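Worksheet: the structure to be examined is printed underneath.
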Amino acid sequence: MRNKEKSKNSDNLTPGDKLDLLRWSINHGKKRTSIPTDGIVIGVLPRENSRETRYSWAIYNGRPYLRIQVFQYDVRDNSWRPVKGKCDSVRVHELGRVLGYIQDAIDLATAQAMADLEKPFSGDESDIDFIKEYEQMDLK
């Protein structure tokens with residue numbers, strides 16, 4: 001790890017230190033069996049058409065990974081079912097790079113939003129709605 005003097009409390013660790021600790025634990029620690037085989041859901045994003053994307057921390061052959069799976073609501077039995085072919089995984093050693101890609105996407109979206117603010121308004125209804133929403137935003 002980068003700084004062995006840090007507390008064992010993960011709240012004090014940088015994202016890089018957390019990844020280093022996780023890599024070390026996987027390579028040198030005991031195999032973890034406390035994670036259920038279907039994973040621990042850490043986030044859900046609702047989608048259209050009775051779908052949602054679930055982000056879960058899962059384990060396969062003793063190796064943890066981030067699973068990203070689309071689920072569809074089935075009205076026949078009132079349950080959520082995984083959609084075939086709509087799943088991906090992120091391995092532990094890839095998490096830092098993926099986090100960087102997400103930050104790049106946020107930067108690009110922010111730059112696009114700022115460029116849109118500099119465009120002249122046409123005065124149509126969508127521009128007026130945009131101005132009202134922008135004025136209500138808390139951009140501190």
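A note on labels: chains of the structure tokens are A, B, ... as shown, every chain counts residues from 1, and ligands are counted from 1 in their shown order.
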Can you tell me, as a PyMOL selection string, what residues are no more than 7 Å from region 51-53 of chain A when counting only C-alpha atoms, ignoring any on the same chain fewer than 2 positions away?
chain A and resi 44-49+55+68-73
Atom-to-atom span, CA of Ile59 (chain A) and CA of Cys87 (chain A), Å:
14.6 Å
For the alpha helix (DSSP H) assignment from backbone DSSP, which residues of region 64-135 of chain A qualify? Please present them as a VMD selection string.
chain A and resid 95 to 118 125 to 135
Can you write just those residues out, N, CA and C atoms, as an mmCIF file, in the first residue's frame?
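Listed below is the output, out.cif:
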```
data_model
loop_
_atom_site.group_PDB
_atom_site.id
_atom_site.type_symbol
_atom_site.label_atom_id
_atom_site.label_comp_id
_atom_site.auth_asym_id
_atom_site.auth_seq_id
_atom_site.Cartn_x
_atom_site.Cartn_y
_atom_site.Cartn_z
ATOM 1 N N LEU A 95 -11.126 -1.278 -11.694
ATOM 2 C CA LEU A 95 -11.977 -0.278 -11.052
ATOM 3 C C LEU A 95 -11.414 1.139 -11.152
ATOM 4 N N GLY A 96 -10.120 1.298 -10.935
ATOM 5 C CA GLY A 96 -9.517 2.632 -10.998
ATOM 6 C C GLY A 96 -9.641 3.247 -12.380
ATOM 7 N N ARG A 97 -9.411 2.449 -13.410
ATOM 8 C CA ARG A 97 -9.530 2.958 -14.780
ATOM 9 C C ARG A 97 -10.967 3.321 -15.113
ATOM 10 N N VAL A 98 -11.909 2.472 -14.683
ATOM 11 C CA VAL A 98 -13.320 2.750 -14.944
ATOM 12 C C VAL A 98 -13.740 4.034 -14.234
ATOM 13 N N LEU A 99 -13.275 4.213 -13.000
ATOM 14 C CA LEU A 99 -13.563 5.448 -12.273
ATOM 15 C C LEU A 99 -13.037 6.658 -13.050
ATOM 16 N N GLY A 100 -11.842 6.540 -13.625
ATOM 17 C CA GLY A 100 -11.285 7.616 -14.449
ATOM 18 C C GLY A 100 -12.135 7.884 -15.680
ATOM 19 N N TYR A 101 -12.645 6.811 -16.317
ATOM 20 C CA TYR A 101 -13.506 6.987 -17.495
ATOM 21 C C TYR A 101 -14.806 7.699 -17.119
ATOM 22 N N ILE A 102 -15.346 7.359 -15.963
ATOM 23 C CA ILE A 102 -16.570 8.017 -15.506
ATOM 24 C C ILE A 102 -16.310 9.494 -15.245
ATOM 25 N N GLN A 103 -15.161 9.802 -14.641
ATOM 26 C CA GLN A 103 -14.814 11.206 -14.396
ATOM 27 C C GLN A 103 -14.651 11.945 -15.719
ATOM 28 N N ASP A 104 -14.037 11.299 -16.714
ATOM 29 C CA ASP A 104 -13.908 11.913 -18.044
ATOM 30 C C ASP A 104 -15.283 12.193 -18.649
ATOM 31 N N ALA A 105 -16.212 11.253 -18.492
ATOM 32 C CA ALA A 105 -17.563 11.448 -19.022
ATOM 33 C C ALA A 105 -18.263 12.614 -18.328
ATOM 34 N N ILE A 106 -18.074 12.728 -17.014
ATOM 35 C CA ILE A 106 -18.654 13.852 -16.270
ATOM 36 C C ILE A 106 -18.055 15.166 -16.765
ATOM 37 N N ASP A 107 -16.744 15.187 -16.990
ATOM 38 C CA ASP A 107 -16.085 16.400 -17.496
ATOM 39 C C ASP A 107 -16.616 16.781 -18.873
ATOM 40 N N LEU A 108 -16.791 15.791 -19.758
ATOM 41 C CA LEU A 108 -17.316 16.066 -21.098
ATOM 42 C C LEU A 108 -18.757 16.570 -21.042
ATOM 43 N N ALA A 109 -19.572 15.945 -20.186
ATOM 44 C CA ALA A 109 -20.967 16.380 -20.049
ATOM 45 C C ALA A 109 -21.038 17.796 -19.492
ATOM 46 N N THR A 110 -20.161 18.114 -18.541
ATOM 47 C CA THR A 110 -20.127 19.456 -17.970
ATOM 48 C C THR A 110 -19.705 20.478 -19.021
ATOM 49 N N ALA A 111 -18.678 20.135 -19.805
ATOM 50 C CA ALA A 111 -18.223 21.043 -20.864
ATOM 51 C C ALA A 111 -19.339 21.278 -21.885
ATOM 52 N N GLN A 112 -20.078 20.220 -22.232
ATOM 53 C CA GLN A 112 -21.188 20.364 -23.174
ATOM 54 C C GLN A 112 -22.281 21.250 -22.593
ATOM 55 N N ALA A 113 -22.591 21.056 -21.303
ATOM 56 C CA ALA A 113 -23.618 21.878 -20.657
ATOM 57 C C ALA A 113 -23.194 23.341 -20.628
ATOM 58 N N MET A 114 -21.923 23.602 -20.350
ATOM 59 C CA MET A 114 -21.431 24.981 -20.333
ATOM 60 C C MET A 114 -21.489 25.592 -21.737
ATOM 61 N N ALA A 115 -21.160 24.798 -22.761
ATOM 62 C CA ALA A 115 -21.232 25.293 -24.139
ATOM 63 C C ALA A 115 -22.684 25.598 -24.506
ATOM 64 N N ASP A 116 -23.620 24.753 -24.046
ATOM 65 C CA ASP A 116 -25.037 24.995 -24.325
ATOM 66 C C ASP A 116 -25.513 26.287 -23.678
ATOM 67 N N LEU A 117 -24.973 26.622 -22.508
ATOM 68 C CA LEU A 117 -25.360 27.864 -21.832
ATOM 69 C C LEU A 117 -24.910 29.095 -22.611
ATOM 70 N N GLU A 118 -23.840 28.959 -23.384
ATOM 71 C CA GLU A 118 -23.307 30.098 -24.131
ATOM 72 C C GLU A 118 -24.023 30.320 -25.460
ATOM 73 N N GLU A 125 -40.445 27.751 -26.278
ATOM 74 C CA GLU A 125 -40.860 27.248 -24.965
ATOM 75 C C GLU A 125 -39.789 26.397 -24.277
ATOM 76 N N SER A 126 -39.031 25.595 -25.035
ATOM 77 C CA SER A 126 -38.007 24.742 -24.415
ATOM 78 C C SER A 126 -36.896 25.583 -23.803
ATOM 79 N N ASP A 127 -36.559 26.715 -24.438
ATOM 80 C CA ASP A 127 -35.542 27.601 -23.869
ATOM 81 C C ASP A 127 -36.031 28.236 -22.579
ATOM 82 N N ILE A 128 -37.280 28.618 -22.543
ATOM 83 C CA ILE A 128 -37.838 29.240 -21.335
ATOM 84 C C ILE A 128 -37.845 28.233 -20.193
ATOM 85 N N ASP A 129 -38.244 26.974 -20.473
ATOM 86 C CA ASP A 129 -38.214 25.932 -19.442
ATOM 87 C C ASP A 129 -36.793 25.702 -18.945
ATOM 88 N N PHE A 130 -35.819 25.704 -19.864
ATOM 89 C CA PHE A 130 -34.425 25.508 -19.501
ATOM 90 C C PHE A 130 -33.952 26.622 -18.571
ATOM 91 N N ILE A 131 -34.294 27.854 -18.885
ATOM 92 C CA ILE A 131 -33.885 28.990 -18.052
ATOM 93 C C ILE A 131 -34.479 28.861 -16.655
ATOM 94 N N LYS A 132 -35.748 28.470 -16.562
ATOM 95 C CA LYS A 132 -36.385 28.305 -15.253
ATOM 96 C C LYS A 132 -35.677 27.221 -14.437
ATOM 97 N N GLU A 133 -35.362 26.079 -15.078
ATOM 98 C CA GLU A 133 -34.660 25.003 -14.380
ATOM 99 C C GLU A 133 -33.268 25.450 -13.954
ATOM 100 N N TYR A 134 -32.572 26.162 -14.819
ATOM 101 C CA TYR A 134 -31.214 26.617 -14.516
ATOM 102 C C TYR A 134 -31.217 27.568 -13.324
ATOM 103 N N GLU A 135 -32.189 28.470 -13.275
ATOM 104 C CA GLU A 135 -32.255 29.428 -12.175
ATOM 105 C C GLU A 135 -32.523 28.740 -10.840
#
```
Which value, in Å to one decimal, gives the distance between CA of Gly39 (chain A) and CA of Thr14 (chain A)?
24.4 Å
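The closest residue to Arg91 (chain A), picked from A:Pro120, A:Met137, A:Trp57, A:Ser79 and counting only C-alpha atoms, is A:Trp57.
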Go through A:His93, A:Lys18, A:Lys119, A:Arg54 one by one, measure the shortest atom-to-atom distance of each to Arg81 (chain A) using only C-alpha atoms, and give the residue with the smallest value.
A:Arg54
Sel. of strand (DSSP E or B) residues, region 40-93 of chain A, as number ranges by chain
A: 40-46, 51-60, 63-74, 79-91
Suppose we keep C-alpha atoms; can you now write the selection as an mmCIF file, in the first residue's frame?
```
data_model
loop_
_atom_site.group_PDB
_atom_site.id
_atom_site.type_symbol
_atom_site.label_atom_id
_atom_site.label_comp_id
_atom_site.auth_asym_id
_atom_site.auth_seq_id
_atom_site.Cartn_x
_atom_site.Cartn_y
_atom_site.Cartn_z
ATOM 1 C CA ILE A 40 -24.574 -7.424 -2.684
ATOM 2 C CA VAL A 41 -26.597 -4.786 -4.514
ATOM 3 C CA ILE A 42 -24.853 -1.439 -4.065
ATOM 4 C CA GLY A 43 -26.974 0.657 -6.417
ATOM 5 C CA VAL A 44 -30.006 0.557 -8.703
ATOM 6 C CA LEU A 45 -30.791 2.906 -11.591
ATOM 7 C CA PRO A 46 -34.389 2.785 -12.823
ATOM 8 C CA ARG A 51 -36.264 -2.170 -16.420
ATOM 9 C CA GLU A 52 -33.519 -1.285 -13.972
ATOM 10 C CA THR A 53 -29.741 -1.541 -13.935
ATOM 11 C CA ARG A 54 -28.330 -3.110 -10.779
ATOM 12 C CA TYR A 55 -24.761 -2.582 -9.621
ATOM 13 C CA SER A 56 -23.641 -5.313 -7.254
ATOM 14 C CA TRP A 57 -20.456 -6.465 -5.576
ATOM 15 C CA ALA A 58 -20.224 -10.152 -6.413
ATOM 16 C CA ILE A 59 -17.758 -13.011 -6.173
ATOM 17 C CA TYR A 60 -16.851 -15.721 -8.672
ATOM 18 C CA ARG A 63 -12.586 -13.314 -6.869
ATOM 19 C CA PRO A 64 -14.735 -10.239 -6.179
ATOM 20 C CA TYR A 65 -15.929 -8.010 -9.005
ATOM 21 C CA LEU A 66 -18.484 -5.311 -9.807
ATOM 22 C CA ARG A 67 -21.435 -6.756 -11.726
ATOM 23 C CA ILE A 68 -23.634 -4.475 -13.839
ATOM 24 C CA GLN A 69 -26.857 -6.269 -14.786
ATOM 25 C CA VAL A 70 -30.095 -5.122 -16.420
ATOM 26 C CA PHE A 71 -33.268 -6.534 -14.864
ATOM 27 C CA GLN A 72 -36.798 -6.611 -16.322
ATOM 28 C CA TYR A 73 -39.942 -6.639 -14.199
ATOM 29 C CA ASP A 74 -42.089 -9.676 -14.957
ATOM 30 C CA SER A 79 -40.597 -10.442 -9.824
ATOM 31 C CA TRP A 80 -37.463 -8.919 -11.301
ATOM 32 C CA ARG A 81 -35.508 -11.128 -13.715
ATOM 33 C CA PRO A 82 -32.067 -10.595 -15.261
ATOM 34 C CA VAL A 83 -32.166 -9.753 -18.979
ATOM 35 C CA LYS A 84 -30.162 -12.245 -21.021
ATOM 36 C CA GLY A 85 -27.112 -10.660 -22.653
ATOM 37 C CA LYS A 86 -27.385 -7.429 -20.629
ATOM 38 C CA CYS A 87 -24.667 -7.981 -18.042
ATOM 39 C CA ASP A 88 -21.080 -6.853 -17.673
ATOM 40 C CA SER A 89 -18.396 -7.063 -15.023
ATOM 41 C CA VAL A 90 -15.539 -4.903 -13.819
ATOM 42 C CA ARG A 91 -12.611 -6.701 -12.209
#
```
